[in-house]
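Data block below; observations after.
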Amino acid sequence: MDSPIPHITIESIVIGSDGVASHIVNCVELLSSPRLGHTKAVFEVEYSSVRYIAKCWSFDRRESAADEFMVYERLHELRPSGFEFFTRLVFSGDIICSSKFPEGRILLLEKVPGEQLLYLWNSLSFTEKAHVFRECSNAVRTLRSISIRLVDSGRHNVLYDRMSGKVTLVDLEAIVDLGAGEEVTSLNPELVSIFGATNMSQFIHGG
């Protein structure tokens with residue numbers, strides 16, 4: 001029996017390729033407002049009764065969408081270990097019709113638990129901060145194993161779930177494709193951006 005066709009509302013984003021629809025998601029919440037017109041936006045959406053994160057880019061920013069898609073494709077090759085510190089890509093496609101984001105590219109990502117480290121950092125104990133540092137260091141090692149360096153990797157792009165201890169790096173569109181591997185050091189750019197060069201020694205040396 002065929003699945004019922006989802007009801008399209010003003011909250012819907014119709015997704016597909018070559019003008020043919022294949023998926024419909026419904027927006028639940030706007031997480032990041034469209035910037036510079038409608039060049040980029042992030043929504044929490046519902047798809048098949050499950051909540052996901054949808055990242056949308058206008059077609060003039062297709063390179064940003066392609067870069068993030070490439071990172072997730074490389075992480076997929078490392079599965080399951082590749083997703084220990086990153087969310088999973090569910091699917092991608094073109095936005096065919098939507099009042100929320102008229103046209104462009106969309107990536108549907110798994111929603112993971114956690115809050116932005118930016119707003120949690122000052123309330124964390126030293127033990128928690130050291131744990132976050134170790135997990136971020138391991139995440140960067142994973143990125144280097146697929147020849148990727150993040151450009152925008154501050155605390156605003158790190159999610160931390162205090163209950164489970166899970167650390168997730170998000171927003172992987174601003175990258176440098178290193179081609180050949182690059183050695184990870186305690187002063188690599190991502191960790192400096194997240195923790196600050198002057199504060200990292202306490203985590204490296206245990207306080």
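Each chain of the structure tokens is named A, B, ... in the order shown, its residues numbered from 1; ligands are numbered from 1 in display order.
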_When DSSP is applied to the backbone of this structure, which of range 43-111 of chain A are assigned alpha helix (DSSP H)? Write them out as a ChimeraX atom specification._
/A:62-77
Go ahead and write the selection's residues with N, CA and C atoms as a CSV table (one decimal), in the first residue's frame.
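The resulting file, part-v1.csv, is reproduced below:
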```
chain,number,residue,atom,x,y,z
A,62,ARG,N,25.1,28.1,-3.4
A,62,ARG,CA,25.1,26.7,-3.6
A,62,ARG,C,26.5,26.1,-3.2
A,63,GLU,N,27.5,26.9,-3.3
A,63,GLU,CA,28.9,26.3,-3.0
A,63,GLU,C,28.9,26.0,-1.5
A,64,SER,N,28.3,26.9,-0.6
A,64,SER,CA,28.3,26.6,0.8
A,64,SER,C,27.6,25.3,1.1
A,65,ALA,N,26.4,25.1,0.4
A,65,ALA,CA,25.7,23.9,0.6
A,65,ALA,C,26.5,22.7,0.1
A,66,ALA,N,27.1,22.8,-1.0
A,66,ALA,CA,27.9,21.7,-1.5
A,66,ALA,C,29.1,21.4,-0.6
A,67,ASP,N,29.7,22.4,0.0
A,67,ASP,CA,30.8,22.1,0.9
A,67,ASP,C,30.4,21.3,2.1
A,68,GLU,N,29.2,21.7,2.7
A,68,GLU,CA,28.8,21.0,3.9
A,68,GLU,C,28.3,19.6,3.5
A,69,PHE,N,27.7,19.5,2.4
A,69,PHE,CA,27.3,18.1,1.9
A,69,PHE,C,28.5,17.2,1.7
A,70,MET,N,29.6,17.8,1.2
A,70,MET,CA,30.8,17.0,1.0
A,70,MET,C,31.4,16.5,2.3
A,71,VAL,N,31.4,17.4,3.3
A,71,VAL,CA,31.9,17.0,4.6
A,71,VAL,C,31.1,15.8,5.2
A,72,TYR,N,29.8,15.9,5.1
A,72,TYR,CA,28.9,14.8,5.6
A,72,TYR,C,29.1,13.5,4.8
A,73,GLU,N,29.4,13.6,3.5
A,73,GLU,CA,29.7,12.5,2.6
A,73,GLU,C,31.0,11.8,3.1
A,74,ARG,N,32.0,12.6,3.4
A,74,ARG,CA,33.2,12.0,3.8
A,74,ARG,C,33.1,11.4,5.2
A,75,LEU,N,32.3,12.0,6.1
A,75,LEU,CA,32.1,11.4,7.4
A,75,LEU,C,31.3,10.1,7.3
A,76,HIS,N,30.4,10.0,6.3
A,76,HIS,CA,29.6,8.8,6.1
A,76,HIS,C,30.6,7.6,5.8
A,77,GLU,N,31.6,7.9,5.1
A,77,GLU,CA,32.6,6.9,4.7
A,77,GLU,C,33.3,6.3,6.0
```
Please, which residues in range 62-121 of chain A fall within 10 Å of range 127-133 of chain A when counting only C-alpha atoms, and what is the closest atom pair and distance in Å to one decimal for each, ordered by chain then residue number, as a tab-separated table?
```
residue	atom	partner	partner_atom	distance
A:Leu117	CA	A:Val132	CA	9.2
A:Leu120	CA	A:Lys129	CA	10.0
A:Trp121	CA	A:Lys129	CA	7.5
```
Would you mind listing, for every residue of range 52-80 of chain A within 7 Å of range 106-112 of chain A, the two atoms forming the shortest contact and the distance between them in Å to one decimal, using only C-alpha atoms, sorted by chain and ascending residue number, as a tab-separated table?
```
residue	atom	partner	partner_atom	distance
A:Tyr52	CA	A:Lys111	CA	4.8
A:Ile53	CA	A:Leu109	CA	5.0
A:Ala54	CA	A:Leu108	CA	4.6
A:Lys55	CA	A:Leu107	CA	5.2
A:Cys56	CA	A:Ile106	CA	4.5
A:Trp57	CA	A:Ile106	CA	6.5
```
*So which one's closest to Phe101 in chain A, A:Gly16, A:Ser123, A:Phe43, A:Val176? Using only C-alpha atoms, please.*
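Checking each of A:Gly16, A:Ser123, A:Phe43, A:Val176 against Phe101 in chain A, counting only C-alpha atoms, the winner is A:Phe43.
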*For Ala139 in chain A, please output as a PyMOL selection string all residues within 10 Å (counting only C-alpha atoms; exclusion window: fewer than 4 positions along the same chain).*
chain A and resi 82-86+133-135+143-145+167-169+190
_Residues within 12 Å of Ala21 in chain A, please, as a list in words. Count only C-alpha atoms; anything in the same chain fewer than 3 positions from it doesn't count._
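Here the qualifying residues turn out to be Ile5, Pro6, Ile13, Val14, Ile15, Gly16, Ser17, Asp18, Ile24, Val25, Gly93, Asp94, Ile95, Ile96, Cys97 and Ser98 of chain A.
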Can those selected residues be exported to a file as a compact mmCIF listing (two decimals), in the first residue's frame so that it contains all heavy atoms?
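New file part-v4.txt:
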```txt
# COMPACT_ATOMS: atom_id res chain seq x y z
N ILE A 5 -0.08 10.80 0.96
CA ILE A 5 0.64 12.00 0.57
C ILE A 5 0.52 13.02 1.71
O ILE A 5 -0.58 13.33 2.16
CB ILE A 5 0.06 12.59 -0.72
CG1 ILE A 5 0.21 11.58 -1.87
CG2 ILE A 5 0.75 13.91 -1.07
CD1 ILE A 5 -0.45 12.02 -3.15
N PRO A 6 1.65 13.53 2.21
CA PRO A 6 1.58 14.50 3.30
C PRO A 6 0.81 15.74 2.90
O PRO A 6 0.84 16.17 1.75
CB PRO A 6 3.06 14.83 3.56
CG PRO A 6 3.83 13.69 2.98
CD PRO A 6 3.03 13.21 1.82
N ILE A 13 7.87 22.74 3.27
CA ILE A 13 8.92 22.91 2.28
C ILE A 13 8.90 21.66 1.41
O ILE A 13 9.08 20.54 1.91
CB ILE A 13 10.31 23.07 2.92
CG1 ILE A 13 10.34 24.27 3.86
CG2 ILE A 13 11.38 23.22 1.83
CD1 ILE A 13 11.67 24.46 4.59
N VAL A 14 8.65 21.85 0.12
CA VAL A 14 8.63 20.73 -0.83
C VAL A 14 10.02 20.59 -1.43
O VAL A 14 10.58 21.55 -1.96
CB VAL A 14 7.58 20.96 -1.93
CG1 VAL A 14 7.55 19.77 -2.89
CG2 VAL A 14 6.19 21.17 -1.31
N ILE A 15 10.58 19.38 -1.34
CA ILE A 15 11.97 19.14 -1.71
C ILE A 15 12.03 18.08 -2.81
O ILE A 15 11.25 17.13 -2.82
CB ILE A 15 12.76 18.63 -0.48
CG1 ILE A 15 12.60 19.62 0.68
CG2 ILE A 15 14.23 18.42 -0.81
CD1 ILE A 15 12.94 19.03 2.04
N GLY A 16 12.99 18.24 -3.73
CA GLY A 16 13.16 17.25 -4.79
C GLY A 16 14.37 17.59 -5.63
O GLY A 16 15.31 18.24 -5.17
N SER A 17 14.33 17.16 -6.88
CA SER A 17 15.39 17.47 -7.84
C SER A 17 14.81 17.47 -9.24
O SER A 17 13.85 16.75 -9.53
CB SER A 17 16.54 16.45 -7.74
OG SER A 17 16.07 15.15 -8.04
N ASP A 18 15.41 18.30 -10.10
CA ASP A 18 14.94 18.43 -11.49
C ASP A 18 13.45 18.73 -11.56
O ASP A 18 12.75 18.27 -12.47
CB ASP A 18 15.26 17.14 -12.27
CG ASP A 18 16.74 16.86 -12.34
OD1 ASP A 18 17.53 17.83 -12.47
OD2 ASP A 18 17.13 15.68 -12.22
N ILE A 24 8.48 16.10 1.65
CA ILE A 24 7.84 17.29 2.19
C ILE A 24 8.14 17.34 3.69
O ILE A 24 7.89 16.37 4.41
CB ILE A 24 6.31 17.27 1.98
CG1 ILE A 24 5.98 17.27 0.48
CG2 ILE A 24 5.66 18.48 2.65
CD1 ILE A 24 4.51 17.06 0.19
N VAL A 25 8.70 18.45 4.14
CA VAL A 25 8.93 18.67 5.57
C VAL A 25 8.09 19.85 6.00
O VAL A 25 7.78 20.74 5.20
CB VAL A 25 10.41 18.90 5.90
CG1 VAL A 25 11.26 17.72 5.43
CG2 VAL A 25 10.93 20.20 5.29
N GLY A 93 18.55 18.19 -1.19
CA GLY A 93 17.82 18.37 -2.44
C GLY A 93 17.58 19.84 -2.73
O GLY A 93 18.09 20.73 -2.04
N ASP A 94 16.80 20.09 -3.78
CA ASP A 94 16.40 21.44 -4.14
C ASP A 94 15.07 21.78 -3.47
O ASP A 94 14.21 20.91 -3.30
CB ASP A 94 16.23 21.57 -5.65
CG ASP A 94 17.53 21.42 -6.41
OD1 ASP A 94 18.60 21.70 -5.81
OD2 ASP A 94 17.49 21.02 -7.59
N ILE A 95 14.91 23.04 -3.08
CA ILE A 95 13.62 23.51 -2.59
C ILE A 95 12.76 23.84 -3.80
O ILE A 95 13.08 24.75 -4.58
CB ILE A 95 13.79 24.74 -1.70
CG1 ILE A 95 14.62 24.37 -0.46
CG2 ILE A 95 12.43 25.31 -1.28
CD1 ILE A 95 15.01 25.56 0.39
N ILE A 96 11.70 23.10 -3.98
CA ILE A 96 10.85 23.27 -5.15
C ILE A 96 9.75 24.29 -4.88
O ILE A 96 9.40 25.11 -5.75
CB ILE A 96 10.24 21.91 -5.56
CG1 ILE A 96 11.35 20.97 -6.05
CG2 ILE A 96 9.17 22.09 -6.65
CD1 ILE A 96 10.88 19.60 -6.43
N CYS A 97 9.20 24.27 -3.67
CA CYS A 97 8.12 25.19 -3.34
C CYS A 97 8.06 25.39 -1.84
O CYS A 97 8.08 24.43 -1.08
CB CYS A 97 6.78 24.62 -3.85
SG CYS A 97 5.35 25.66 -3.47
N SER A 98 8.00 26.65 -1.40
CA SER A 98 7.86 26.94 0.03
C SER A 98 7.67 28.44 0.23
O SER A 98 8.34 29.25 -0.42
CB SER A 98 9.09 26.49 0.81
OG SER A 98 8.99 26.87 2.17
```
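Of the residues listed (A:Phe195, A:Gly114, A:Val45, A:Leu178), A:Gly114 shows the shortest atom-to-atom separation from Ser164 in chain A; distances use only C-alpha atoms.
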*Extract, using only C-alpha atoms, all DNA, RNA and protein residues at most 8 Å from Phe59 in chain A, discarding same-chain residues fewer than 3 positions from it, and format them as a VMD selection string.*
chain A and resid 39 62 103 to 105
With N, CA and C atoms retained, could you export that selection as a PDB file, in the first residue's frame?
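Output file result_21.pdb follows:
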```
ATOM      1  N   THR A  39      19.309  34.302   1.808  1.00  0.00           N
ATOM      2  CA  THR A  39      20.487  33.544   1.401  1.00  0.00           C
ATOM      3  C   THR A  39      20.730  32.305   2.258  1.00  0.00           C
ATOM      4  N   ARG A  62      25.084  28.148  -3.393  1.00  0.00           N
ATOM      5  CA  ARG A  62      25.111  26.698  -3.573  1.00  0.00           C
ATOM      6  C   ARG A  62      26.460  26.098  -3.199  1.00  0.00           C
ATOM      7  N   GLU A 103      13.303  29.325  -2.633  1.00  0.00           N
ATOM      8  CA  GLU A 103      14.031  28.433  -3.530  1.00  0.00           C
ATOM      9  C   GLU A 103      15.467  28.303  -3.049  1.00  0.00           C
ATOM     10  N   GLY A 104      16.124  27.235  -3.477  1.00  0.00           N
ATOM     11  CA  GLY A 104      17.519  27.025  -3.108  1.00  0.00           C
ATOM     12  C   GLY A 104      17.803  25.565  -2.809  1.00  0.00           C
ATOM     13  N   ARG A 105      18.822  25.348  -2.000  1.00  0.00           N
ATOM     14  CA  ARG A 105      19.239  24.004  -1.601  1.00  0.00           C
ATOM     15  C   ARG A 105      18.903  23.777  -0.129  1.00  0.00           C
TER      16      ARG A 105
END
```
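The interatomic distance for the pair CA of Asp171 in chain A and CA of Asp152 in chain A works out to 7.9 Å.
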_Point-to-point distance in Å for CA of Asn157 in chain A and CA of Glu11 in chain A_ =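 Interatomic distance here is 26.2 Å.
Picture a line from CA of Pro102 in chain A to CA of Ser48 in chain A; it runs 22.0 Å.
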_I need the residues in range 5-59 of chain A that are strand (DSSP E or B) according to DSSP; give them as a ChimeraX atom specification._
/A:12-17,20-35,40-47,50-57
